[in-house]
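J.: Enclosed is the structure file start.pdb (PDB, C-alpha atoms).
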MODEL        1
ATOM      1  CA  MET H   1     -21.500 111.440 -13.958  1.00  0.00           C
ATOM      2  CA  SER H   2     -24.384 113.147 -15.743  1.00  0.00           C
ATOM      3  CA  GLY H   3     -24.495 113.689 -19.472  1.00  0.00           C
ATOM      4  CA  LYS H   4     -24.271 117.451 -18.989  1.00  0.00           C
ATOM      5  CA  ARG H   5     -21.091 119.173 -20.014  1.00  0.00           C
ATOM      6  CA  HIS H   6     -19.569 121.367 -17.349  1.00  0.00           C
ATOM      7  CA  ILE H   7     -17.274 124.299 -17.832  1.00  0.00           C
ATOM      8  CA  VAL H   8     -14.657 125.206 -15.260  1.00  0.00           C
ATOM      9  CA  CYS H   9     -13.870 128.897 -14.953  1.00  0.00           C
ATOM     10  CA  LEU H  10     -11.076 130.551 -13.032  1.00  0.00           C
ATOM     11  CA  TYR H  11     -11.964 133.998 -11.765  1.00  0.00           C
ATOM     12  CA  ASN H  12      -9.305 136.448 -10.616  1.00  0.00           C
ATOM     13  CA  LYS H  13     -10.930 138.732  -8.007  1.00  0.00           C
ATOM     14  CA  ASN H  14      -8.180 141.348  -8.378  1.00  0.00           C
ATOM     15  CA  THR H  15      -8.248 141.769 -12.155  1.00  0.00           C
ATOM     16  CA  LYS H  16     -11.859 140.539 -12.653  1.00  0.00           C
ATOM     17  CA  GLU H  17     -10.456 138.269 -15.386  1.00  0.00           C
ATOM     18  CA  ILE H  18     -12.398 135.109 -16.219  1.00  0.00           C
ATOM     19  CA  LYS H  19     -10.798 132.158 -17.966  1.00  0.00           C
ATOM     20  CA  LYS H  20     -12.947 129.319 -19.266  1.00  0.00           C
ATOM     21  CA  MET H  21     -11.313 125.930 -18.836  1.00  0.00           C
ATOM     22  CA  PRO H  22     -13.736 123.286 -20.187  1.00  0.00           C
ATOM     23  CA  ASN H  23     -11.532 120.223 -19.749  1.00  0.00           C
ATOM     24  CA  LEU H  24      -9.604 121.201 -16.631  1.00  0.00           C
ATOM     25  CA  GLN H  25     -11.310 118.743 -14.296  1.00  0.00           C
ATOM     26  CA  LYS H  26     -10.860 115.848 -16.709  1.00  0.00           C
ATOM     27  CA  GLN H  27      -7.212 116.767 -17.329  1.00  0.00           C
ATOM     28  CA  ILE H  28      -6.471 116.963 -13.610  1.00  0.00           C
ATOM     29  CA  GLN H  29      -8.317 113.712 -12.897  1.00  0.00           C
ATOM     30  CA  THR H  30      -6.422 111.910 -15.684  1.00  0.00           C
ATOM     31  CA  LYS H  31      -3.050 113.291 -14.603  1.00  0.00           C
ATOM     32  CA  LEU H  32      -3.565 112.368 -10.951  1.00  0.00           C
ATOM     33  CA  THR H  33      -4.907 108.925 -11.798  1.00  0.00           C
ATOM     34  CA  LYS H  34      -1.995 108.256 -14.160  1.00  0.00           C
ATOM     35  CA  GLY H  35       0.551 109.357 -11.564  1.00  0.00           C
ATOM     36  CA  LEU H  36      -1.018 107.251  -8.832  1.00  0.00           C
ATOM     37  CA  LEU H  37      -1.954 104.251 -10.965  1.00  0.00           C
ATOM     38  CA  ASP H  38       0.172 101.732  -9.059  1.00  0.00           C
ATOM     39  CA  LEU H  39      -1.288 102.964  -5.748  1.00  0.00           C
ATOM     40  CA  ILE H  40      -4.818 102.727  -7.168  1.00  0.00           C
ATOM     41  CA  VAL H  41      -4.230  99.182  -8.449  1.00  0.00           C
ATOM     42  CA  LEU H  42      -2.781  98.079  -5.103  1.00  0.00           C
ATOM     43  CA  GLN H  43      -5.749  99.587  -3.245  1.00  0.00           C
ATOM     44  CA  PHE H  44      -8.311  97.829  -5.452  1.00  0.00           C
ATOM     45  CA  ILE H  45      -6.478  94.499  -5.231  1.00  0.00           C
ATOM     46  CA  LYS H  46      -6.077  94.867  -1.451  1.00  0.00           C
ATOM     47  CA  ASN H  47      -9.879  94.943  -1.183  1.00  0.00           C
ATOM     48  CA  GLN H  48     -10.432  92.064  -3.632  1.00  0.00           C
ATOM     49  CA  SER H  49      -8.246  89.885  -5.858  1.00  0.00           C
ATOM     50  CA  MET H  50      -8.915  90.815  -9.487  1.00  0.00           C
ATOM     51  CA  HIS H  51      -8.054  89.966 -13.070  1.00  0.00           C
ATOM     52  CA  GLY H  52      -6.704  92.587 -15.473  1.00  0.00           C
ATOM     53  CA  TYR H  53      -9.915  93.493 -17.272  1.00  0.00           C
ATOM     54  CA  GLN H  54     -11.700  93.806 -13.935  1.00  0.00           C
ATOM     55  CA  ILE H  55      -9.038  96.331 -12.842  1.00  0.00           C
ATOM     56  CA  ILE H  56      -9.491  98.297 -16.080  1.00  0.00           C
ATOM     57  CA  THR H  57     -13.266  98.541 -15.631  1.00  0.00           C
ATOM     58  CA  THR H  58     -13.017  99.348 -11.914  1.00  0.00           C
ATOM     59  CA  ILE H  59     -10.644 102.249 -12.603  1.00  0.00           C
ATOM     60  CA  ARG H  60     -12.931 103.549 -15.340  1.00  0.00           C
ATOM     61  CA  LYS H  61     -16.030 103.357 -13.122  1.00  0.00           C
ATOM     62  CA  SER H  62     -14.275 104.873 -10.110  1.00  0.00           C
ATOM     63  CA  PHE H  63     -12.354 107.690 -11.797  1.00  0.00           C
ATOM     64  CA  GLY H  64     -13.926 108.178 -15.219  1.00  0.00           C
ATOM     65  CA  VAL H  65     -10.510 107.605 -16.816  1.00  0.00           C
ATOM     66  CA  TYR H  66      -9.777 104.774 -19.256  1.00  0.00           C
ATOM     67  CA  PHE H  67      -6.466 102.942 -19.186  1.00  0.00           C
ATOM     68  CA  GLY H  68      -6.349 100.147 -21.723  1.00  0.00           C
ATOM     69  CA  PRO H  69      -4.684  96.743 -21.640  1.00  0.00           C
ATOM     70  CA  SER H  70      -1.446  98.204 -23.057  1.00  0.00           C
ATOM     71  CA  THR H  71      -1.123 100.272 -19.870  1.00  0.00           C
ATOM     72  CA  ILE H  72      -2.531  97.962 -17.209  1.00  0.00           C
ATOM     73  CA  TYR H  73      -0.987  94.597 -18.115  1.00  0.00           C
ATOM     74  CA  PRO H  74       2.644  95.833 -18.253  1.00  0.00           C
ATOM     75  CA  LEU H  75       2.036  97.629 -14.938  1.00  0.00           C
ATOM     76  CA  LEU H  76       0.688  94.430 -13.364  1.00  0.00           C
ATOM     77  CA  SER H  77       3.697  92.485 -14.668  1.00  0.00           C
ATOM     78  CA  GLN H  78       6.083  95.114 -13.300  1.00  0.00           C
ATOM     79  CA  MET H  79       4.334  95.106  -9.900  1.00  0.00           C
ATOM     80  CA  GLU H  80       4.542  91.311  -9.826  1.00  0.00           C
ATOM     81  CA  LYS H  81       8.299  91.422 -10.557  1.00  0.00           C
ATOM     82  CA  LYS H  82       8.765  93.917  -7.711  1.00  0.00           C
ATOM     83  CA  GLY H  83       6.990  91.507  -5.375  1.00  0.00           C
ATOM     84  CA  HIS H  84       3.941  93.727  -4.747  1.00  0.00           C
ATOM     85  CA  LEU H  85       1.531  91.263  -6.387  1.00  0.00           C
ATOM     86  CA  THR H  86       1.272  87.556  -7.036  1.00  0.00           C
ATOM     87  CA  SER H  87      -0.839  85.956  -9.719  1.00  0.00           C
ATOM     88  CA  ALA H  88      -2.489  82.611 -10.336  1.00  0.00           C
ATOM     89  CA  TRP H  89      -4.554  81.298 -13.222  1.00  0.00           C
ATOM     90  CA  ASN H  90      -8.229  80.693 -12.511  1.00  0.00           C
ATOM     91  CA  MET H  91      -9.320  77.876 -14.814  1.00  0.00           C
ATOM     92  CA  ASN H  92     -12.765  77.450 -13.217  1.00  0.00           C
ATOM     93  CA  THR H  93     -14.473  79.998 -15.463  1.00  0.00           C
ATOM     94  CA  ASP H  94     -15.491  79.954 -19.128  1.00  0.00           C
ATOM     95  CA  ARG H  95     -12.346  81.825 -19.909  1.00  0.00           C
ATOM     96  CA  PRO H  96      -9.065  81.319 -18.016  1.00  0.00           C
ATOM     97  CA  ARG H  97      -8.138  84.483 -16.128  1.00  0.00           C
ATOM     98  CA  LYS H  98      -4.975  85.517 -14.345  1.00  0.00           C
ATOM     99  CA  ILE H  99      -6.019  86.680 -10.864  1.00  0.00           C
ATOM    100  CA  TYR H 100      -3.796  89.170  -9.029  1.00  0.00           C
ATOM    101  CA  THR H 101      -3.452  89.270  -5.237  1.00  0.00           C
ATOM    102  CA  ILE H 102      -1.543  91.780  -3.111  1.00  0.00           C
ATOM    103  CA  THR H 103       1.476  90.528  -1.138  1.00  0.00           C
ATOM    104  CA  ASN H 104       2.686  91.691   2.285  1.00  0.00           C
ATOM    105  CA  GLU H 105       5.357  93.719   0.495  1.00  0.00           C
ATOM    106  CA  GLY H 106       2.609  95.267  -1.644  1.00  0.00           C
ATOM    107  CA  LYS H 107       0.605  96.124   1.502  1.00  0.00           C
ATOM    108  CA  ASN H 108       3.701  97.741   3.022  1.00  0.00           C
ATOM    109  CA  MET H 109       4.276  99.749  -0.156  1.00  0.00           C
ATOM    110  CA  LEU H 110       0.609 100.792  -0.205  1.00  0.00           C
ATOM    111  CA  ASN H 111       0.775 101.965   3.441  1.00  0.00           C
ATOM    112  CA  PHE H 112       4.010 103.879   2.830  1.00  0.00           C
ATOM    113  CA  THR H 113       2.622 105.529  -0.313  1.00  0.00           C
ATOM    114  CA  GLU H 114      -0.682 106.422   1.375  1.00  0.00           C
ATOM    115  CA  ASN H 115       1.188 108.007   4.304  1.00  0.00           C
ATOM    116  CA  SER H 116       3.471 109.946   1.947  1.00  0.00           C
ATOM    117  CA  LEU H 117       0.489 111.157  -0.059  1.00  0.00           C
ATOM    118  CA  ARG H 118      -1.369 112.153   3.125  1.00  0.00           C
ATOM    119  CA  MET H 119       1.665 114.155   4.303  1.00  0.00           C
ATOM    120  CA  MET H 120       1.932 115.906   0.928  1.00  0.00           C
ATOM    121  CA  THR H 121      -1.761 116.801   0.810  1.00  0.00           C
ATOM    122  CA  ASN H 122      -1.570 118.155   4.369  1.00  0.00           C
ATOM    123  CA  LYS H 123       1.328 120.402   3.353  1.00  0.00           C
ATOM    124  CA  LEU H 124      -0.478 121.493   0.198  1.00  0.00           C
ATOM    125  CA  GLY H 125      -3.668 122.071   2.183  1.00  0.00           C
ATOM    126  CA  SER H 126      -2.178 125.034   4.025  1.00  0.00           C
ATOM    127  CA  LYS H 127      -3.557 128.277   2.605  1.00  0.00           C
ATOM    128  CA  ASN H 128      -1.538 129.548  -0.338  1.00  0.00           C
ATOM    129  CA  LYS H 129      -1.557 133.345  -0.106  1.00  0.00           C
ATOM    130  CA  GLN H 130      -0.488 133.742  -3.746  1.00  0.00           C
ATOM    131  CA  THR H 131      -3.743 132.192  -4.985  1.00  0.00           C
ATOM    132  CA  ASP H 132      -6.231 133.577  -2.431  1.00  0.00           C
ATOM    133  CA  HIS H 133      -7.713 135.817  -5.117  1.00  0.00           C
ATOM    134  CA  ILE H 134      -8.494 132.922  -7.491  1.00  0.00           C
ATOM    135  CA  GLU H 135     -11.840 131.104  -7.347  1.00  0.00           C
ATOM    136  CA  MET H 136     -12.730 127.961  -9.263  1.00  0.00           C
ATOM    137  CA  LYS H 137     -16.357 127.540 -10.307  1.00  0.00           C
ATOM    138  CA  THR H 138     -17.960 124.608 -12.079  1.00  0.00           C
ATOM    139  CA  ILE H 139     -21.003 125.560 -14.102  1.00  0.00           C
ATOM    140  CA  THR H 140     -23.158 124.244 -16.917  1.00  0.00           C
ATOM    141  CA  PRO H 141     -23.159 126.049 -20.268  1.00  0.00           C
ATOM    142  CA  ARG H 142     -26.794 127.045 -19.674  1.00  0.00           C
ATOM    143  CA  SER H 143     -25.927 129.012 -16.522  1.00  0.00           C
ATOM    144  CA  LEU H 144     -22.653 130.442 -17.884  1.00  0.00           C
ATOM    145  CA  GLY H 145     -23.881 133.998 -18.522  1.00  0.00           C
ATOM    146  CA  ARG H 146     -25.714 134.315 -15.208  1.00  0.00           C
ATOM    147  CA  THR H 147     -22.760 132.946 -13.220  1.00  0.00           C
ATOM    148  CA  LEU H 148     -20.170 135.089 -14.969  1.00  0.00           C
ATOM    149  CA  SER H 149     -22.170 138.277 -14.449  1.00  0.00           C
ATOM    150  CA  SER H 150     -22.663 137.504 -10.744  1.00  0.00           C
ATOM    151  CA  MET H 151     -18.933 136.834 -10.334  1.00  0.00           C
ATOM    152  CA  VAL H 152     -17.944 140.097 -12.031  1.00  0.00           C
ATOM    153  CA  SER H 153     -20.492 142.233 -10.139  1.00  0.00           C
ATOM    154  CA  ARG H 154     -19.029 141.285  -6.727  1.00  0.00           C
TER     155      ARG H 154
ENDMDL
END
Please rewrite the model in this file as structure tokens.

T.:
Amino acid sequence: MSGKRHIVCLYNKNTKEIKKMPNLQKQIQTKLTKGLLDLIVLQFIKNQSMHGYQIITTIRKSFGVYFGPSTIYPLLSQMEKKGHLTSAWNMNTDRPRKIYTITNEGKNMLNFTENSLRMMTNKLGSKNKQTDHIEMKTITPRSLGRTLSSMVSR
């Protein structure tokens, strides 16, 4: 992600109303990531066994959202109790680390959740006639005036 700040604007073609929403993308990304956190953790661990801090940094790099140890470690413990993950201590490093690995039950849960999510997104993907007149634009503050005037003049 670049250091530039982006502004998200919603433009209503019918009323020509423009609403600036500077943090909308970040809010949506955080909300979706939070709601799908167990799915995200299972997917990362399916690809490679990981320790807790590695999961935290991978989520941050992949989604730009930070979930700290107070969120991730209880989730990992809960997923282990449900039988979705197993863990083992790796004592071969400078610092002992608990390494998490996905189980067959975890893989089944991941497949079921992915299929459910795919079905939901397909249903949501059908054109919503109530919002056809709304456009979402992402712009930089520098181009705000130029973009807004071009949207209104249409």

J.: Take the PyMOL selection byres ((chain H and resi 76) around 9), run it mentally on this structure, and tell me the resulting residues as a PDB file with C-alpha atoms, in the frame of the given file.

T.:
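Output below, filename out-v5.pdb:
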ATOM      1  CA  ASP H  38       0.172 101.732  -9.059  1.00  0.00           C
ATOM      2  CA  VAL H  41      -4.230  99.182  -8.449  1.00  0.00           C
ATOM      3  CA  GLY H  52      -6.704  92.587 -15.473  1.00  0.00           C
ATOM      4  CA  THR H  71      -1.123 100.272 -19.870  1.00  0.00           C
ATOM      5  CA  ILE H  72      -2.531  97.962 -17.209  1.00  0.00           C
ATOM      6  CA  TYR H  73      -0.987  94.597 -18.115  1.00  0.00           C
ATOM      7  CA  PRO H  74       2.644  95.833 -18.253  1.00  0.00           C
ATOM      8  CA  LEU H  75       2.036  97.629 -14.938  1.00  0.00           C
ATOM      9  CA  SER H  77       3.697  92.485 -14.668  1.00  0.00           C
ATOM     10  CA  GLN H  78       6.083  95.114 -13.300  1.00  0.00           C
ATOM     11  CA  MET H  79       4.334  95.106  -9.900  1.00  0.00           C
ATOM     12  CA  GLU H  80       4.542  91.311  -9.826  1.00  0.00           C
ATOM     13  CA  LYS H  81       8.299  91.422 -10.557  1.00  0.00           C
ATOM     14  CA  LEU H  85       1.531  91.263  -6.387  1.00  0.00           C
ATOM     15  CA  TYR H 100      -3.796  89.170  -9.029  1.00  0.00           C
TER      16      TYR H 100
END

J.: Can you list, as a PDB file with C-alpha atoms, in the frame of the given file, the residues that the PyMOL selection byres ((chain H and resi 64) around 9) selects here?

T.:
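Wrote it out as selection.pdb, contents follow:
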ATOM      1  CA  MET H   1     -21.500 111.440 -13.958  1.00  0.00           C
ATOM      2  CA  LYS H  26     -10.860 115.848 -16.709  1.00  0.00           C
ATOM      3  CA  GLN H  29      -8.317 113.712 -12.897  1.00  0.00           C
ATOM      4  CA  THR H  30      -6.422 111.910 -15.684  1.00  0.00           C
ATOM      5  CA  ILE H  59     -10.644 102.249 -12.603  1.00  0.00           C
ATOM      6  CA  ARG H  60     -12.931 103.549 -15.340  1.00  0.00           C
ATOM      7  CA  LYS H  61     -16.030 103.357 -13.122  1.00  0.00           C
ATOM      8  CA  SER H  62     -14.275 104.873 -10.110  1.00  0.00           C
ATOM      9  CA  PHE H  63     -12.354 107.690 -11.797  1.00  0.00           C
ATOM     10  CA  VAL H  65     -10.510 107.605 -16.816  1.00  0.00           C
ATOM     11  CA  TYR H  66      -9.777 104.774 -19.256  1.00  0.00           C
TER      12      TYR H  66
END

J.: Considering all atoms listed in the file, return as a list in words whatever protein or nucleic-acid residues lie within 7 Å of Ile99 (chain H), sequence-local ones (same chain, fewer than 6 positions apart) excluded.

T.: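 Near Ile99 (chain H), the qualifying residues are Ser49, Met50, His51, Ser87, Ala88, Trp89 and Asn90 of chain H.
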
J.: What is the CA of Thr103 (chain H) to CA of Thr86 (chain H) distance in Å?

T.: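 So the answer is 6.6 Å.
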
J.: Rank H:Leu42, H:Met91, H:Thr33, H:Gln48 by their smallest atom-to-atom distance to Glu105 (chain H), using only C-alpha atoms, and report the top residue only.

T.: H:Leu42

J.: First collect every listed atom of region 63-82 of chain H; then fit an axis-aligned box around them, widen it by 5 Å on each side, and give centre and edge lengths in Å to one decimal, as AutoDock Vina command-line options.

T.:
--center_x -2.6 --center_y 99.7 --center_z -15.4 --size_x 32.7 --size_y 26.9 --size_z 25.3

J.: Residues near Glu114 (chain H), anyone? I mean within 8 Å using all atoms listed in the file, not counting same-chain ones fewer than 4 positions away, as a ChimeraX atom specification.

T.: /H:39,110,118

J.: Write a file of the selected residues as a JSON list (two decimals), keeping the file's coordinate frame, keeping C-alpha atoms.

T.:
[["chain", "number", "residue", "atom", "x", "y", "z"],
["H", 39, "LEU", "CA", -1.29, 102.96, -5.75],
["H", 110, "LEU", "CA", 0.61, 100.79, -0.20],
["H", 118, "ARG", "CA", -1.37, 112.15, 3.12]]

J.: Can you work out which one of H:Gly125, H:Thr93, H:Gln43, H:Leu37 has the shortest atom-to-atom distance to Asn108 (chain H), counting all atoms listed in the file?

T.: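 Under the stated criterion, the closest residue is H:Gln43.
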
J.: What's the separation between CA of Leu124 (chain H) and CA of Thr58 (chain H), in Å to one decimal place?

T.: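 According to the coordinates, CA of Leu124 (chain H) and CA of Thr58 (chain H) are separated by 28.2 Å.
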
J.: At what distance in Å, to one decimal, does CA of Thr101 (chain H) lie from CA of Ile45 (chain H)?

T.: 6.0 Å
